[in-house]
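To start, the structure under review is shown below, and the notes come after it.
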Amino acid sequence: MNRKEFLRLVSIGVPAGILLPSFLESCRKKELFDGKTYGGKVIIIGGGAAGLYAAFLLLKHNVDVTIFEAQGRYGGRIFPLNGFSDFPIELGAEECHGQRSIWYDMISSTPGISFVDTEVEEDYIMIDGSLKSLSSLSSDPDITAANNLSDNLGTTNIGGDITADQYLQQNHYSNRTHTYLDALFGNEWGTSNDRLGLQGASDEDKLWTSGDVNFYLKNHSFLSILEEKMPEVFAHIQLNTQIQNIDYSGSKIVLTDQVNNIYTADKIIITVPLPILRDGDITFVPPLDSVRTNAFSRIGMGSGLKVILKFSTRFWADNCGSIFGNGLVPEYWAPGVGGTSVENNVLTAFVMGSYAENLLALGTGMVPAILNDLDLMFGGGVATANFVASHRWNWGMDAFTKGAYSFPIPGGSGAREIIASSIGNKIFFAGEATHTAGHNSTVHGAMETGLRAVEELFKSA
Amino acid sequence: MKRKYSILLFLLCSGNSVFCQISHLNFSASYVYQYAPAWDEIIQTYNFSRSFNSNELNLFINGFEVGGAWNVKIKSGKFEINPGISYQRFTTLAKNNDLRLRASINSYFFHSNFIWNFGQQKFWPNWLSLDPTFNLINPSVRINKKEIALDQTKKYLEFGPAFRLGLETGWIIVDSKHKSEWKPFIRVDWYPEAELFDFGAALNGSYIYNLKDFGPVLQFSAGVRYYFLKESSVEKK
Ligand SMILES: Cc1cc2nc3c(=O)[nH]c(=O)nc-3n(C[C@H](O)[C@H](O)[C@H](O)COP(=O)(O)OP(=O)(O)OC[C@H]3O[C@@H](n4cnc5c(N)ncnc54)[C@H](O)[C@@H]3O)c2cc1C
């Protein structure tokens, strides 16, 4: 071939080369289920993160969907407390865990959003009778051992299906860091070390893929993000509708609520918290098989509360993140970063599992006991003297949640896969406890299960 | 698999000294069209789940490859080997308020490239080559230009080894002063299996949708290779 012939070829080839890539691109679908819809009626039970997000995806594909929510509000375990301070306080989920999740992407697509990275804060710990910054203890062997276990949990050989307490005892972790270890493991996982299955926690940690940095929001509540990013969903929610019976024996699924209203659907997505299913608050016709009902009991979910305390002065450091406590409350933190006035002098006591039960047993003595705990840490009776108000939310007593969030217990291996499996291409399960890849107990994990249920629904249609 | 790669590398490196007769440097650039269903699904899932984004990620369909090689003619001139290295990139960007998410695949190839010349003809191709190639694939996800790490012990997503088999054919255009040669080419490459380590999770944040990071890949390319000719090699023609 000579140059002339080559140039002739080039004059045809170049325009084709410019047009070809965009033509080839337009031949392939950029989105899963592009153009796909489902003609039947879909009902979602539960208006938390999983249910709302599943509805959002279905509505994008023009599916006829209704969410039934038992309470007079939507959001579930996303629940802001407004008016207590000059910024919304989260009674449920507060931190966005990692940067690689639908939830992070949704938050960051909200105009004007401002993240606070928890890594920039300084944490404090009550140890050997005084409050110290964690960074000043970087060479303390007991603190280092606790941090190492926390950082490397996924790769640690636990040596058996045992509780965190059993593991810590067997491996002679120091009593000096007892409460700190409870904060790092049990409390963080939504329980206490006497109940947490450390092998399960390690397995979940291994699967964690959304990143290790945690964020909270400066000027928005989590609920306001859902409202802003998925506005079309809220017209499809029916509040105060507690589904009590699901009859899936016929071709249509028949649902009955607390006042015997009857609804029918072709497919349903159940997103209620684990204890609602475990305790049989919803009955099924025909009954769920025993493998599934046993699996409900092989995942933990129980007591957990947040106590929010407001003070007239800020007696903790400005950069204070977490304060690991004395034995009464495993962890406090200062959520007031977003505040704009003195009204933001707020501390949250985050208490799970047996710690929560011990606190609740104090009844009206609970807040004075917490103030006393803070007085011991900060000295001079400063907490009691400056106390203004408190607000508590006990998730264990919330009739439609009955616990904080799901956690692994010994003997629980494989249970999440069972409870996540669908029934007969008609009933799909979502909700944080059904996450099978380590992201349970989080908002983004709950959303991912909503996505999984919608994918299963479309694939079955 | 690892042994096979080492044999390949050995062939690649030893080629020069064993067969060496006339050698010269060449550079190539090509457009690459890719068909990789497993990787498509990762991006399709991202787009499906992020319909709140202001634009969608493109599939990894259109990419480019640039490379350099050292051409060695085997005695008769009928056969050549053209061992070399090349770099290939597919990239796509999603915008999301202030957030820019860029997903890319960067691949680094170590070619052997055995060429069979069947002489100048008018329109039909002048040569055919078989190119078993060892490569390293490095997926990347960047948020606002910052490479993301899935866990703090790993800085970037992992490099993965792969193997592709290429079939290439093309024409030879020699310039009038015989100082250079152009070889427009078309080629098809097949990976029996190629893996984008951690990419599904880096993009979607979870493994729960049974997304696979690995699968077969087919690529079609069209490009041109430019040869710097040595005097001796020109005289041979
Ligand atoms: C104290 C606390 C702190 C947390 N902190 C974080 C955090 O920092 N970061 C994070 O990512 N996650 C956190 N989580 C976890 C996170 O909040 C949950 O994983 C997530 O919100 C669960 O969403 P869901 O849709 O699965 O369940 P839910 O939000 O519980 O939604 C289920 C809904 O079902 C409704 N329902 C129940 N029974 C019925 C019925 N019979 N009929 C109809 N409706 C019914 C309920 O009212 C509820 O609204 C925290 C949770 C708690 C409790």
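Scheme for the structure tokens: letters A, B, ... for chains in order shown; per-chain residue numbers from 1; ligand numbers from 1 in order shown.
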
Using only C-alpha atoms and all ligand atoms, find each protein or nucleic acid residue lying at most 7 Å from ligand 1; present the set as a ChimeraX atom specification. /A:45-51,68-71,74-78,91-97,241-244,271-273,276,281-282,304-306,395,400-401,403-405,430-433,440-446

Could you dump the residues just selected with C-alpha atoms as a short mmCIF file (atom, residue, chain, number, x, y, z; two decimals), in the first residue's frame?
```
data_model
loop_
_atom_site.label_atom_id
_atom_site.label_comp_id
_atom_site.auth_asym_id
_atom_site.auth_seq_id
_atom_site.Cartn_x
_atom_site.Cartn_y
_atom_site.Cartn_z
CA ILE A 45 -43.44 -3.14 54.98
CA GLY A 46 -41.39 -0.67 57.00
CA GLY A 47 -40.41 2.91 56.19
CA GLY A 48 -36.79 2.92 57.38
CA ALA A 49 -33.70 3.34 55.23
CA ALA A 50 -34.15 -0.04 53.50
CA GLY A 51 -37.83 0.43 52.70
CA PHE A 68 -46.77 0.60 55.07
CA GLU A 69 -45.19 2.07 58.17
CA ALA A 70 -46.42 1.13 61.64
CA GLN A 71 -45.45 4.41 63.30
CA TYR A 74 -41.02 7.45 58.68
CA GLY A 75 -37.24 6.95 58.92
CA GLY A 76 -37.19 4.10 61.44
CA ARG A 77 -33.80 4.13 63.11
CA ILE A 78 -33.01 7.39 61.36
CA LEU A 91 -31.29 9.54 68.25
CA GLY A 92 -30.48 6.66 65.92
CA ALA A 93 -27.87 6.54 63.17
CA GLU A 94 -25.41 9.40 63.40
CA GLU A 95 -22.23 8.51 61.51
CA CYS A 96 -21.75 7.73 57.86
CA HIS A 97 -19.32 4.81 57.86
CA THR A 241 -50.26 0.96 59.44
CA GLN A 242 -48.86 -1.94 61.38
CA ILE A 243 -48.96 -5.09 59.31
CA GLN A 244 -49.86 -8.00 61.58
CA THR A 271 -37.92 -4.53 55.95
CA VAL A 272 -39.04 -4.64 59.60
CA PRO A 273 -36.36 -4.94 62.31
CA ILE A 276 -40.41 -7.99 64.98
CA ASP A 281 -45.28 -9.81 65.79
CA ILE A 282 -46.18 -10.54 62.18
CA GLY A 304 -29.58 0.12 73.44
CA LEU A 305 -30.11 3.74 74.30
CA LYS A 306 -28.84 7.21 73.76
CA TRP A 395 -34.52 1.64 71.30
CA PHE A 400 -41.57 -1.34 66.32
CA THR A 401 -37.81 -1.71 66.63
CA GLY A 403 -33.59 -3.12 69.98
CA ALA A 404 -30.72 -1.06 68.66
CA TYR A 405 -29.19 -2.95 65.75
CA ALA A 430 -34.47 -6.44 53.38
CA GLY A 431 -33.42 -4.41 56.42
CA GLU A 432 -30.04 -4.06 58.04
CA ALA A 433 -30.06 -7.49 59.72
CA ASN A 440 -25.33 -4.97 58.65
CA SER A 441 -26.14 -2.51 61.46
CA THR A 442 -25.57 0.52 59.26
CA VAL A 443 -27.66 2.85 57.17
CA HIS A 444 -25.76 2.09 53.99
CA GLY A 445 -26.05 -1.64 54.70
CA ALA A 446 -29.83 -1.27 55.11
#
```

Quick one: which residues from chain B are at most 7 Å off chain A, using only C-alpha atoms, as number ranges by chain? B: 44-45, 47-48, 50, 52-53, 58-59, 61-62, 96-97, 99, 121-123, 149-152, 171-173, 201-209

Run DSSP on the backbone and give me the residues of segment 29-131 of chain B it puts in helix (DSSP H, G or I), as an NGL selection string. :B and (37-49)

For Val116 of chain A, please output as a PyMOL selection string all residues within 6 Å (counting only C-alpha atoms; exclusion window: fewer than 6 positions along the same chain). chain A and resi 215-217

Which residue of A:Val233, A:Glu204, A:Asn319, A:Asp140 approaches Asn62 of chain A most closely, using only C-alpha atoms: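 Once distances to Asn62 of chain A are computed over only C-alpha atoms, the minimum belongs to A:Val233.
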
Find the residues near Ile237 of chain A: any atom within 7 Å, counting only C-alpha atoms, skip ones fewer than 3 places away on the same chain, and give them as a list in words. Thr66, Ile67, Phe68 and Phe234 of chain A

Save out the residues we just selected, N, CA and C atoms, as a short mmCIF file (atom, residue, chain, number, x, y, z; two decimals), in the first residue's frame.
```
data_model
loop_
_atom_site.label_atom_id
_atom_site.label_comp_id
_atom_site.auth_asym_id
_atom_site.auth_seq_id
_atom_site.Cartn_x
_atom_site.Cartn_y
_atom_site.Cartn_z
N THR A 66 -46.39 0.89 47.44
CA THR A 66 -46.82 1.59 48.66
C THR A 66 -45.99 1.06 49.83
N ILE A 67 -45.58 2.00 50.70
CA ILE A 67 -44.89 1.60 51.93
C ILE A 67 -45.89 1.65 53.07
N PHE A 68 -45.98 0.57 53.85
CA PHE A 68 -46.77 0.60 55.07
C PHE A 68 -45.83 0.75 56.25
N PHE A 234 -42.23 9.94 49.44
CA PHE A 234 -43.02 10.19 50.64
C PHE A 234 -44.53 10.22 50.38
#
```

Using the chain letters and numbers from this document, which residues of segment 45-233 of chain B does DSSP assign to strand (DSSP E or B), as an NGL selection string? :B and (62-73 or 79-81 or 84-96 or 99-111 or 114-117 or 127-143 or 146-147 or 160-170 or 173-174 or 180-195 or 214-228)

If we count only C-alpha atoms, what is near Ile137 of chain B at a cut-off of 9 Å, once residues fewer than 2 positions away on the same chain are taken out, given as JSON, numbers by chain? {"B": [105, 106, 107, 108, 109, 135, 139, 158, 159, 160, 161, 162, 194, 195, 196, 197]}

From A:Asp205, A:Asp289, A:Asp165, A:Glu232, residue lying nearest Leu153 of chain A [only C-alpha atoms]: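 Using only C-alpha atoms, the shortest distance to Leu153 of chain A belongs to A:Asp205.
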
Please identify all polymer residues within 8 Å of Trp182 of chain B, counting only C-alpha atoms, omitting same-chain residues fewer than 4 positions from it, and present them as a list in words.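 Neighbouring residues, sequence-local ones excluded: Ile172, Ile173, Val174, Asp175, Val224, Arg225, Tyr226 and Tyr227 of chain B.
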
Write the residues of the selection above to a file with all heavy atoms, as a PDB file, in the first residue's frame.
```pdb
ATOM      1  N   ILE B 172       1.648  -2.266   5.513  1.00  0.00           N
ATOM      2  CA  ILE B 172       2.933  -1.595   5.708  1.00  0.00           C
ATOM      3  C   ILE B 172       2.996  -0.410   4.751  1.00  0.00           C
ATOM      4  O   ILE B 172       2.738  -0.559   3.554  1.00  0.00           O
ATOM      5  CB  ILE B 172       4.118  -2.535   5.411  1.00  0.00           C
ATOM      6  CG1 ILE B 172       4.033  -3.785   6.303  1.00  0.00           C
ATOM      7  CG2 ILE B 172       5.446  -1.815   5.602  1.00  0.00           C
ATOM      8  CD1 ILE B 172       5.050  -4.847   5.962  1.00  0.00           C
ATOM      9  N   ILE B 173       3.304   0.743   5.291  1.00  0.00           N
ATOM     10  CA  ILE B 173       3.479   1.927   4.441  1.00  0.00           C
ATOM     11  C   ILE B 173       4.885   2.458   4.703  1.00  0.00           C
ATOM     12  O   ILE B 173       5.201   2.820   5.844  1.00  0.00           O
ATOM     13  CB  ILE B 173       2.445   3.016   4.789  1.00  0.00           C
ATOM     14  CG1 ILE B 173       1.043   2.460   4.585  1.00  0.00           C
ATOM     15  CG2 ILE B 173       2.652   4.258   3.947  1.00  0.00           C
ATOM     16  CD1 ILE B 173       0.010   3.233   5.336  1.00  0.00           C
ATOM     17  N   VAL B 174       5.716   2.484   3.697  1.00  0.00           N
ATOM     18  CA  VAL B 174       7.100   2.934   3.875  1.00  0.00           C
ATOM     19  C   VAL B 174       7.196   4.347   3.330  1.00  0.00           C
ATOM     20  O   VAL B 174       6.634   4.634   2.265  1.00  0.00           O
ATOM     21  CB  VAL B 174       8.080   2.019   3.098  1.00  0.00           C
ATOM     22  CG1 VAL B 174       9.517   2.374   3.410  1.00  0.00           C
ATOM     23  CG2 VAL B 174       7.803   0.571   3.414  1.00  0.00           C
ATOM     24  N   ASP B 175       7.854   5.241   4.057  1.00  0.00           N
ATOM     25  CA  ASP B 175       7.930   6.606   3.527  1.00  0.00           C
ATOM     26  C   ASP B 175       8.961   6.668   2.399  1.00  0.00           C
ATOM     27  O   ASP B 175       9.817   5.793   2.252  1.00  0.00           O
ATOM     28  CB  ASP B 175       8.163   7.632   4.640  1.00  0.00           C
ATOM     29  CG  ASP B 175       9.612   7.785   5.029  1.00  0.00           C
ATOM     30  OD1 ASP B 175      10.443   7.066   4.468  1.00  0.00           O
ATOM     31  OD2 ASP B 175       9.886   8.611   5.908  1.00  0.00           O
ATOM     32  N   VAL B 224      -2.184   2.444  14.807  1.00  0.00           N
ATOM     33  CA  VAL B 224      -1.062   2.525  13.884  1.00  0.00           C
ATOM     34  C   VAL B 224       0.232   2.340  14.657  1.00  0.00           C
ATOM     35  O   VAL B 224       0.345   2.734  15.823  1.00  0.00           O
ATOM     36  CB  VAL B 224      -1.105   3.864  13.098  1.00  0.00           C
ATOM     37  CG1 VAL B 224      -0.894   5.049  14.003  1.00  0.00           C
ATOM     38  CG2 VAL B 224      -0.136   3.850  11.937  1.00  0.00           C
ATOM     39  N   ARG B 225       1.181   1.683  13.990  1.00  0.00           N
ATOM     40  CA  ARG B 225       2.485   1.470  14.612  1.00  0.00           C
ATOM     41  C   ARG B 225       3.507   2.203  13.757  1.00  0.00           C
ATOM     42  O   ARG B 225       3.486   2.105  12.518  1.00  0.00           O
ATOM     43  CB  ARG B 225       2.761  -0.033  14.664  1.00  0.00           C
ATOM     44  CG  ARG B 225       3.918  -0.400  15.513  1.00  0.00           C
ATOM     45  CD  ARG B 225       3.952  -1.883  15.818  1.00  0.00           C
ATOM     46  NE  ARG B 225       3.107  -2.188  16.971  1.00  0.00           N
ATOM     47  CZ  ARG B 225       2.146  -3.073  16.957  1.00  0.00           C
ATOM     48  NH1 ARG B 225       1.878  -3.754  15.869  1.00  0.00           N
ATOM     49  NH2 ARG B 225       1.444  -3.297  18.033  1.00  0.00           N
ATOM     50  N   TYR B 226       4.386   2.931  14.370  1.00  0.00           N
ATOM     51  CA  TYR B 226       5.383   3.725  13.640  1.00  0.00           C
ATOM     52  C   TYR B 226       6.764   3.148  13.910  1.00  0.00           C
ATOM     53  O   TYR B 226       7.164   2.977  15.053  1.00  0.00           O
ATOM     54  CB  TYR B 226       5.308   5.182  14.117  1.00  0.00           C
ATOM     55  CG  TYR B 226       6.334   6.086  13.491  1.00  0.00           C
ATOM     56  CD1 TYR B 226       6.155   6.569  12.204  1.00  0.00           C
ATOM     57  CD2 TYR B 226       7.487   6.449  14.186  1.00  0.00           C
ATOM     58  CE1 TYR B 226       7.103   7.385  11.614  1.00  0.00           C
ATOM     59  CE2 TYR B 226       8.431   7.271  13.612  1.00  0.00           C
ATOM     60  CZ  TYR B 226       8.239   7.733  12.325  1.00  0.00           C
ATOM     61  OH  TYR B 226       9.179   8.536  11.744  1.00  0.00           O
ATOM     62  N   TYR B 227       7.495   2.829  12.830  1.00  0.00           N
ATOM     63  CA  TYR B 227       8.822   2.204  12.949  1.00  0.00           C
ATOM     64  C   TYR B 227       9.902   3.187  12.550  1.00  0.00           C
ATOM     65  O   TYR B 227       9.818   3.795  11.478  1.00  0.00           O
ATOM     66  CB  TYR B 227       8.938   0.999  11.997  1.00  0.00           C
ATOM     67  CG  TYR B 227       8.183  -0.220  12.437  1.00  0.00           C
ATOM     68  CD1 TYR B 227       6.793  -0.227  12.447  1.00  0.00           C
ATOM     69  CD2 TYR B 227       8.856  -1.375  12.824  1.00  0.00           C
ATOM     70  CE1 TYR B 227       6.096  -1.354  12.839  1.00  0.00           C
ATOM     71  CE2 TYR B 227       8.169  -2.511  13.215  1.00  0.00           C
ATOM     72  CZ  TYR B 227       6.781  -2.486  13.224  1.00  0.00           C
ATOM     73  OH  TYR B 227       6.095  -3.598  13.617  1.00  0.00           O
TER      74      TYR B 227
END
```

Take atom CA of Gly414 of chain A and atom CA of Ile299 of chain A and report the distance between them in Å, one decimal. 9.7 Å

What's around Asn113 of chain B at 7 Å? Count only C-alpha atoms, leave out sequence neighbours fewer than 5 positions away in its own chain, and write the answer as a ChimeraX atom specification. /B:81-83,129-132

Pull all heavy atoms from the residues just selected and write them as a PDB file, in the first residue's frame.
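Dumped everything to again.pdb:
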```pdb
ATOM      1  N   ILE B  81       9.812 -10.923  15.628  1.00  0.00           N
ATOM      2  CA  ILE B  81       9.130 -10.801  16.917  1.00  0.00           C
ATOM      3  C   ILE B  81       9.258  -9.349  17.343  1.00  0.00           C
ATOM      4  O   ILE B  81      10.210  -8.663  16.993  1.00  0.00           O
ATOM      5  CB  ILE B  81       9.642 -11.764  18.017  1.00  0.00           C
ATOM      6  CG1 ILE B  81      11.112 -11.568  18.280  1.00  0.00           C
ATOM      7  CG2 ILE B  81       9.289 -13.193  17.723  1.00  0.00           C
ATOM      8  CD1 ILE B  81      11.541 -12.306  19.525  1.00  0.00           C
ATOM      9  N   ASN B  82       8.243  -8.913  18.055  1.00  0.00           N
ATOM     10  CA  ASN B  82       8.159  -7.490  18.367  1.00  0.00           C
ATOM     11  C   ASN B  82       7.858  -7.330  19.855  1.00  0.00           C
ATOM     12  O   ASN B  82       6.789  -6.856  20.247  1.00  0.00           O
ATOM     13  CB  ASN B  82       7.036  -6.896  17.497  1.00  0.00           C
ATOM     14  CG  ASN B  82       7.046  -5.394  17.493  1.00  0.00           C
ATOM     15  OD1 ASN B  82       8.109  -4.777  17.530  1.00  0.00           O
ATOM     16  ND2 ASN B  82       5.864  -4.790  17.465  1.00  0.00           N
ATOM     17  N   PRO B  83       8.784  -7.782  20.708  1.00  0.00           N
ATOM     18  CA  PRO B  83       8.494  -7.701  22.139  1.00  0.00           C
ATOM     19  C   PRO B  83       8.413  -6.248  22.593  1.00  0.00           C
ATOM     20  O   PRO B  83       9.174  -5.413  22.101  1.00  0.00           O
ATOM     21  CB  PRO B  83       9.679  -8.418  22.785  1.00  0.00           C
ATOM     22  CG  PRO B  83      10.772  -8.335  21.797  1.00  0.00           C
ATOM     23  CD  PRO B  83      10.140  -8.296  20.445  1.00  0.00           C
ATOM     24  N   SER B 129      -0.110 -11.220  13.052  1.00  0.00           N
ATOM     25  CA  SER B 129       0.694 -11.517  14.234  1.00  0.00           C
ATOM     26  C   SER B 129      -0.130 -12.187  15.323  1.00  0.00           C
ATOM     27  O   SER B 129      -1.345 -11.976  15.428  1.00  0.00           O
ATOM     28  CB  SER B 129       1.338 -10.250  14.789  1.00  0.00           C
ATOM     29  OG  SER B 129       0.464  -9.636  15.689  1.00  0.00           O
ATOM     30  N   LEU B 130       0.553 -12.988  16.091  1.00  0.00           N
ATOM     31  CA  LEU B 130      -0.053 -13.639  17.248  1.00  0.00           C
ATOM     32  C   LEU B 130       0.673 -13.065  18.460  1.00  0.00           C
ATOM     33  O   LEU B 130       1.902 -13.063  18.497  1.00  0.00           O
ATOM     34  CB  LEU B 130       0.179 -15.146  17.153  1.00  0.00           C
ATOM     35  CG  LEU B 130      -0.561 -15.974  18.189  1.00  0.00           C
ATOM     36  CD1 LEU B 130      -2.054 -15.949  17.886  1.00  0.00           C
ATOM     37  CD2 LEU B 130      -0.057 -17.410  18.168  1.00  0.00           C
ATOM     38  N   ASP B 131      -0.109 -12.597  19.415  1.00  0.00           N
ATOM     39  CA  ASP B 131       0.528 -11.853  20.502  1.00  0.00           C
ATOM     40  C   ASP B 131       0.060 -12.340  21.878  1.00  0.00           C
ATOM     41  O   ASP B 131      -0.901 -11.811  22.436  1.00  0.00           O
ATOM     42  CB  ASP B 131       0.206 -10.358  20.316  1.00  0.00           C
ATOM     43  CG  ASP B 131       0.915  -9.497  21.339  1.00  0.00           C
ATOM     44  OD1 ASP B 131       1.860  -9.994  21.991  1.00  0.00           O
ATOM     45  OD2 ASP B 131       0.530  -8.318  21.479  1.00  0.00           O
ATOM     46  N   PRO B 132       0.732 -13.356  22.432  1.00  0.00           N
ATOM     47  CA  PRO B 132       0.402 -13.724  23.815  1.00  0.00           C
ATOM     48  C   PRO B 132       0.994 -12.671  24.755  1.00  0.00           C
ATOM     49  O   PRO B 132       2.169 -12.361  24.654  1.00  0.00           O
ATOM     50  CB  PRO B 132       1.098 -15.081  24.011  1.00  0.00           C
ATOM     51  CG  PRO B 132       1.716 -15.421  22.694  1.00  0.00           C
ATOM     52  CD  PRO B 132       1.813 -14.179  21.892  1.00  0.00           C
TER      53      PRO B 132
END
```

Mind pulling up the distance from atom CA of Pro330 of chain A to atom CA of Leu374 of chain A?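 A separation of 11.9 Å between them.
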
Grab the atom CA of Val291 of chain A to atom CA of Ser406 of chain A distance for me, in Å with one decimal place.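 Atom-to-atom, atom CA of Val291 of chain A to atom CA of Ser406 of chain A, that is 18.6 Å.
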